[in-house]
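See below for the structure under consideration.
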Amino acid sequence: MAQVEATTERVVAADAEKVFDALADYRDTRPKVLPGQFSEYEVREGGDGEGTLVHWKLQATSKRVRDCLMEVTEPTDGELVEKDRNSSMVTTWRVTPAGEGRSRIVVTTTWKGAGGIGGFFERTFAPKGLSRIYDDLLARFAAEVEKGEKGGKGEGAE
């Protein structure tokens, strides 16, 4: 069984601290930005970064649905790690500054893939499909966070 990896990144027009805080907000921000491949989303413990336990189903293809129960940790500043209790899947979110008022989010998901011919197809196609899903999620996330940035700089802002 070989390790399979999918990585996606995006630059967001907001500072790293704000981006990380929004990303770690599993109660309000995350459910707003999930694309249609995610269903049955439920925060079971916590809801803000470290110590959160969150459930969802991820429909990667028309035939492949993963039942995910993710434990969230924050091993270092600017990093969230979601470990699935139901599989070998681990998703790591890293937020770093990318210039003034900008941040880079890099999301990497790894898991132990199948062996044989099925594993070949999984290693070939699954990373592309998962990257598309996370690219959509990051686009929605950026729009949500940047909407808040624009709203915070107008009249009446402190």
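Quick note on naming: the chains in the structure tokens go A, B, ... in the order shown, residues restart at 1 in each chain, and ligands are numbered from 1 in order of appearance.
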
Contacts of Ala126 of chain A within 12 Å, only C-alpha atoms, excl. fewer than 3 positions in-chain, as a list of chain:residue names: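 Counting only C-alpha atoms, the residues come to A:Gln3, A:Val4, A:Glu5, A:Ala6, A:Thr7, A:Gln59, A:Ala60, A:Thr61, A:Arg64, A:Thr109, A:Thr110, A:Trp111, A:Lys112, A:Gly113, A:Ala114, A:Gly118, A:Gly119, A:Phe120, A:Phe121, A:Glu122, A:Arg123, A:Gly129, A:Leu130, A:Ser131, A:Arg132, A:Ile133.
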
Name the residues in contact with segment 87-95 of chain A at a cut-off of 8 Å, using only C-alpha atoms, excluding same-chain residues fewer than 6 positions from it; report them as an NGL selection string. :A and (16 or 19-20 or 68 or 78-81 or 103-112)

Segment 21-37 of chain A environment, 10 Å, only C-alpha atoms, sequence neighbours closer than 5 positions dropped, as a PyMOL selection string: chain A and resi 16+42-44+46-50+52-54+56-62+65+72-74+78-80+93-95+105+133-145

Where does DSSP see helix (DSSP H, G or I) in segment 61-155 of chain A, if you list the residues as a VMD selection string? chain A and resid 116 to 152

Which residue is closest to Lys128 of chain A? Choose from A:Lys147, A:Thr8, A:Ala2, A:Leu69 and count only C-alpha atoms.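 Closest to Lys128 of chain A, using only C-alpha atoms: A:Thr8.
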
Let's see if you can do this: from backbone DSSP, list all strand (DSSP E) residues in chain A, as a ChimeraX atom specification. /A:3-12,38-45,53-59,65-73,79-84,90-97,103-112

List the neighbours of Ala14 of chain A out to 6 Å using only C-alpha atoms; skip same-chain residues closer than 2 positions along the sequence, and give me the result as a PyMOL selection string. chain A and resi 12+101-102
